[in-house]
Amino acid sequence: MIARVTPLLLAGAATLGMAGEPLSERLEAGKAVYEAHCQKCHQAGKSGAPLSRLSEDWYRRSDNWEAVLFEHANAGYLAMPAKGGSEGLTEYDVDTAAEYMLTLAHPGITQD
């Protein structure tokens with residue numbers, strides 16, 4: 001299942017979690033959005049949110065990875081409101097935060 005993450009997630013991005021490697025500009029933007037709007041639920045598993053750094057929580061997700069993840073993050077899904085309840089976020093903001101979260105859950109993914 002993890003192979004489905006790599007094409008979009010890591011296109012042009014530095015791998016997160018490798019000793020001292022910098023994030024790409026896109027993942028830096030995603031990190032900022034994640035820290036400001038997403039981590040409050042995804043670090044604690046609030047309302048059943050998958051934990052950011054627990055890969056087992058993400059393996060149970062859809063085989064369509066990014067497409068479904070981005071759709072759910074932008075439109076809302078189950079207990080998660082659209083854009084995590086932060087309506088001022090753009091689609092780009094939400095997508096980059098979702099990409100960043102996947103790098104937290106799967107830090108060993110490398111570029112193809």
# chains A, B, ... in the order shown; residues from 1 in each chain; ligands from 1
>>> residues_around(residues="Ser55 in chain A", least_positions_apart="3", cutoff="8 Å", atoms="only C-alpha atoms", output="number ranges by chain")
A: 52, 58-59, 105-106
>>> write_last_selection(atoms="all heavy atoms", output="mmCIF file, in the first residue's frame")
data_model
loop_
_atom_site.group_PDB
_atom_site.id
_atom_site.type_symbol
_atom_site.label_atom_id
_atom_site.label_comp_id
_atom_site.auth_asym_id
_atom_site.auth_seq_id
_atom_site.Cartn_x
_atom_site.Cartn_y
_atom_site.Cartn_z
ATOM 1 N N SER A 52 -0.723 11.266 13.612
ATOM 2 C CA SER A 52 0.235 11.708 12.593
ATOM 3 C C SER A 52 1.451 10.813 12.475
ATOM 4 O O SER A 52 1.905 10.524 11.373
ATOM 5 C CB SER A 52 0.712 13.127 12.901
ATOM 6 O OG SER A 52 -0.374 13.997 13.001
ATOM 7 N N TRP A 58 -2.493 4.847 9.375
ATOM 8 C CA TRP A 58 -2.658 5.246 7.979
ATOM 9 C C TRP A 58 -2.789 4.056 7.040
ATOM 10 O O TRP A 58 -3.360 4.179 5.966
ATOM 11 C CB TRP A 58 -1.502 6.156 7.568
ATOM 12 C CG TRP A 58 -1.572 7.423 8.355
ATOM 13 C CD1 TRP A 58 -0.927 7.690 9.530
ATOM 14 C CD2 TRP A 58 -2.388 8.558 8.097
ATOM 15 N NE1 TRP A 58 -1.288 8.930 9.989
ATOM 16 C CE2 TRP A 58 -2.177 9.482 9.135
ATOM 17 C CE3 TRP A 58 -3.275 8.881 7.065
ATOM 18 C CZ2 TRP A 58 -2.823 10.723 9.174
ATOM 19 C CZ3 TRP A 58 -3.904 10.119 7.110
ATOM 20 C CH2 TRP A 58 -3.680 11.010 8.151
ATOM 21 N N TYR A 59 -2.288 2.896 7.417
ATOM 22 C CA TYR A 59 -2.420 1.722 6.564
ATOM 23 C C TYR A 59 -3.871 1.298 6.398
ATOM 24 O O TYR A 59 -4.228 0.669 5.423
ATOM 25 C CB TYR A 59 -1.605 0.544 7.114
ATOM 26 C CG TYR A 59 -0.137 0.669 6.836
ATOM 27 C CD1 TYR A 59 0.781 0.753 7.871
ATOM 28 C CD2 TYR A 59 0.336 0.720 5.532
ATOM 29 C CE1 TYR A 59 2.133 0.871 7.625
ATOM 30 C CE2 TYR A 59 1.689 0.847 5.271
ATOM 31 C CZ TYR A 59 2.576 0.918 6.311
ATOM 32 O OH TYR A 59 3.919 1.046 6.059
ATOM 33 N N ALA A 105 3.834 10.066 9.097
ATOM 34 C CA ALA A 105 3.398 8.683 9.286
ATOM 35 C C ALA A 105 4.339 7.693 8.616
ATOM 36 O O ALA A 105 4.455 6.550 9.043
ATOM 37 C CB ALA A 105 1.989 8.500 8.736
ATOM 38 N N HIS A 106 5.017 8.104 7.553
ATOM 39 C CA HIS A 106 5.888 7.226 6.785
ATOM 40 C C HIS A 106 7.238 7.904 6.539
ATOM 41 O O HIS A 106 7.590 8.205 5.406
ATOM 42 C CB HIS A 106 5.225 6.859 5.453
ATOM 43 C CG HIS A 106 3.879 6.254 5.619
ATOM 44 N ND1 HIS A 106 3.685 5.012 6.171
ATOM 45 C CD2 HIS A 106 2.648 6.731 5.341
ATOM 46 C CE1 HIS A 106 2.392 4.737 6.194
ATOM 47 N NE2 HIS A 106 1.747 5.763 5.718
#
>>> select_by_dssp(residues="range 29-82 of chain A", states="alpha helix (DSSP H)", output="VMD selection string")
chain A and resid 29 to 33 39 to 42 55 to 59 65 to 75
>>> residues_around(residues="Gly88 in chain A", least_positions_apart="5", cutoff="12 Å", atoms="only C-alpha atoms", output="ChimeraX atom specification")
/A:33,37,74,82-83,93-94
>>> write_last_selection(atoms="N, CA and C atoms", output="compact mmCIF listing (two decimals), in the first residue's frame")
# COMPACT_ATOMS: atom_id res chain seq x y z
N VAL A 33 1.01 24.77 8.25
CA VAL A 33 -0.45 24.60 8.31
C VAL A 33 -0.79 23.49 9.30
N HIS A 37 -3.14 24.14 12.47
CA HIS A 37 -4.54 23.74 12.32
C HIS A 37 -4.85 22.26 12.48
N ASN A 74 -10.24 18.45 2.62
CA ASN A 74 -10.86 19.69 2.14
C ASN A 74 -12.36 19.76 2.39
N ALA A 82 -14.67 20.15 7.34
CA ALA A 82 -13.94 20.62 6.16
C ALA A 82 -12.79 21.50 6.60
N LYS A 83 -11.64 21.28 6.00
CA LYS A 83 -10.43 22.05 6.27
C LYS A 83 -10.08 22.07 7.75
N ASP A 93 -3.27 24.93 0.91
CA ASP A 93 -2.88 24.81 2.32
C ASP A 93 -3.22 23.42 2.86
N VAL A 94 -4.44 22.99 2.63
CA VAL A 94 -4.91 21.72 3.16
C VAL A 94 -4.13 20.56 2.52
>>> closest_residue(among="A:Ala32, A:Met101, A:Tyr92, A:Ala79", to="Ser47 in chain A", atoms="only C-alpha atoms")
A:Ala79
>>> closest_residue(among="A:Leu102, A:Cys41, A:Leu69, A:Ala29", to="Thr90 in chain A", atoms="only C-alpha atoms")
A:Ala29
>>> decode(residues="range 31-67 of chain A", atoms="N, CA, C and O atoms", output="short mmCIF file (atom, residue, chain, number, x, y, z; two decimals), in the first residue's frame")
data_model
loop_
_atom_site.label_atom_id
_atom_site.label_comp_id
_atom_site.auth_asym_id
_atom_site.auth_seq_id
_atom_site.Cartn_x
_atom_site.Cartn_y
_atom_site.Cartn_z
N LYS A 31 3.93 21.90 6.81
CA LYS A 31 4.26 21.79 8.23
C LYS A 31 3.65 22.95 9.00
O LYS A 31 3.08 22.76 10.08
N ALA A 32 3.76 24.16 8.47
CA ALA A 32 3.20 25.33 9.15
C ALA A 32 1.68 25.21 9.30
O ALA A 32 1.13 25.50 10.37
N VAL A 33 1.01 24.77 8.25
CA VAL A 33 -0.45 24.60 8.31
C VAL A 33 -0.79 23.49 9.30
O VAL A 33 -1.69 23.63 10.14
N TYR A 34 -0.07 22.38 9.22
CA TYR A 34 -0.30 21.26 10.13
C TYR A 34 -0.18 21.71 11.58
O TYR A 34 -1.04 21.43 12.41
N GLU A 35 0.90 22.41 11.90
CA GLU A 35 1.14 22.83 13.28
C GLU A 35 0.08 23.81 13.77
O GLU A 35 -0.30 23.80 14.93
N ALA A 36 -0.41 24.67 12.88
CA ALA A 36 -1.39 25.67 13.27
C ALA A 36 -2.83 25.13 13.31
O ALA A 36 -3.64 25.62 14.11
N HIS A 37 -3.14 24.14 12.47
CA HIS A 37 -4.54 23.74 12.32
C HIS A 37 -4.85 22.26 12.48
O HIS A 37 -6.01 21.91 12.71
N CYS A 38 -3.88 21.39 12.35
CA CYS A 38 -4.16 19.95 12.29
C CYS A 38 -3.66 19.15 13.49
O CYS A 38 -4.28 18.17 13.89
N GLN A 39 -2.53 19.56 14.02
CA GLN A 39 -1.89 18.73 15.04
C GLN A 39 -2.73 18.59 16.31
O GLN A 39 -2.63 17.57 17.00
N LYS A 40 -3.58 19.55 16.61
CA LYS A 40 -4.35 19.46 17.85
C LYS A 40 -5.20 18.19 17.88
O LYS A 40 -5.41 17.62 18.94
N CYS A 41 -5.66 17.72 16.74
CA CYS A 41 -6.44 16.47 16.69
C CYS A 41 -5.57 15.27 16.31
O CYS A 41 -5.73 14.19 16.86
N HIS A 42 -4.66 15.47 15.37
CA HIS A 42 -3.89 14.34 14.84
C HIS A 42 -2.71 13.92 15.70
O HIS A 42 -2.13 12.86 15.45
N GLN A 43 -2.35 14.68 16.70
CA GLN A 43 -1.33 14.22 17.64
C GLN A 43 -1.95 13.47 18.81
O GLN A 43 -1.29 12.67 19.44
N ALA A 44 -3.22 13.74 19.08
CA ALA A 44 -3.89 13.11 20.22
C ALA A 44 -4.93 12.07 19.81
O ALA A 44 -5.45 11.37 20.65
N GLY A 45 -5.24 12.00 18.51
CA GLY A 45 -6.26 11.06 18.06
C GLY A 45 -7.67 11.52 18.43
O GLY A 45 -8.59 10.71 18.54
N LYS A 46 -7.84 12.81 18.59
CA LYS A 46 -9.13 13.38 18.98
C LYS A 46 -10.23 12.97 17.99
O LYS A 46 -10.03 13.04 16.78
N SER A 47 -11.35 12.52 18.51
CA SER A 47 -12.51 12.11 17.71
C SER A 47 -12.18 11.05 16.67
O SER A 47 -12.76 11.01 15.60
N GLY A 48 -11.19 10.21 16.97
CA GLY A 48 -10.82 9.12 16.08
C GLY A 48 -9.87 9.50 14.96
O GLY A 48 -9.63 8.72 14.05
N ALA A 49 -9.30 10.71 15.03
CA ALA A 49 -8.35 11.13 13.99
C ALA A 49 -7.14 10.20 13.99
O ALA A 49 -6.63 9.83 15.04
N PRO A 50 -6.68 9.81 12.79
CA PRO A 50 -5.46 8.98 12.74
C PRO A 50 -4.28 9.77 13.29
O PRO A 50 -4.15 10.96 13.03
N LEU A 51 -3.46 9.12 14.07
CA LEU A 51 -2.31 9.79 14.66
C LEU A 51 -1.24 10.06 13.60
O LEU A 51 -0.90 9.18 12.81
N SER A 52 -0.72 11.27 13.61
CA SER A 52 0.24 11.71 12.59
C SER A 52 1.45 10.81 12.47
O SER A 52 1.91 10.52 11.37
N ARG A 53 2.02 10.40 13.57
CA ARG A 53 3.29 9.66 13.54
C ARG A 53 3.12 8.16 13.68
O ARG A 53 4.09 7.45 13.89
N LEU A 54 1.90 7.66 13.56
CA LEU A 54 1.65 6.24 13.74
C LEU A 54 1.25 5.63 12.40
O LEU A 54 0.10 5.71 11.98
N SER A 55 2.20 5.02 11.71
CA SER A 55 1.94 4.49 10.37
C SER A 55 0.80 3.48 10.36
O SER A 55 0.06 3.40 9.38
N GLU A 56 0.62 2.75 11.45
CA GLU A 56 -0.46 1.76 11.50
C GLU A 56 -1.83 2.43 11.32
O GLU A 56 -2.74 1.83 10.76
N ASP A 57 -1.99 3.65 11.79
CA ASP A 57 -3.25 4.36 11.63
C ASP A 57 -3.53 4.68 10.16
O ASP A 57 -4.67 4.81 9.75
N TRP A 58 -2.49 4.85 9.38
CA TRP A 58 -2.66 5.25 7.98
C TRP A 58 -2.79 4.06 7.04
O TRP A 58 -3.36 4.18 5.97
N TYR A 59 -2.29 2.90 7.42
CA TYR A 59 -2.42 1.72 6.56
C TYR A 59 -3.87 1.30 6.40
O TYR A 59 -4.23 0.67 5.42
N ARG A 60 -4.71 1.65 7.35
CA ARG A 60 -6.13 1.29 7.27
C ARG A 60 -6.91 2.22 6.35
O ARG A 60 -8.09 2.03 6.13
N ARG A 61 -6.29 3.21 5.86
CA ARG A 61 -6.98 4.21 5.02
C ARG A 61 -7.12 3.69 3.60
O ARG A 61 -6.61 2.67 3.22
N SER A 62 -7.78 4.48 2.77
CA SER A 62 -8.09 4.11 1.40
C SER A 62 -6.86 3.76 0.58
O SER A 62 -5.79 4.34 0.76
N ASP A 63 -7.04 2.85 -0.37
CA ASP A 63 -5.97 2.51 -1.32
C ASP A 63 -5.71 3.67 -2.28
O ASP A 63 -4.73 3.67 -3.00
N ASN A 64 -6.59 4.64 -2.34
CA ASN A 64 -6.44 5.77 -3.25
C ASN A 64 -5.66 6.93 -2.63
O ASN A 64 -5.55 7.98 -3.21
N TRP A 65 -5.12 6.72 -1.46
CA TRP A 65 -4.29 7.67 -0.72
C TRP A 65 -4.56 9.14 -0.95
O TRP A 65 -5.50 9.68 -0.40
N GLU A 66 -3.72 9.80 -1.75
CA GLU A 66 -3.79 11.25 -1.85
C GLU A 66 -5.13 11.76 -2.33
O GLU A 66 -5.66 12.71 -1.75
N ALA A 67 -5.69 11.19 -3.36
CA ALA A 67 -6.95 11.69 -3.91
C ALA A 67 -8.04 11.70 -2.84
O ALA A 67 -8.72 12.71 -2.65
#
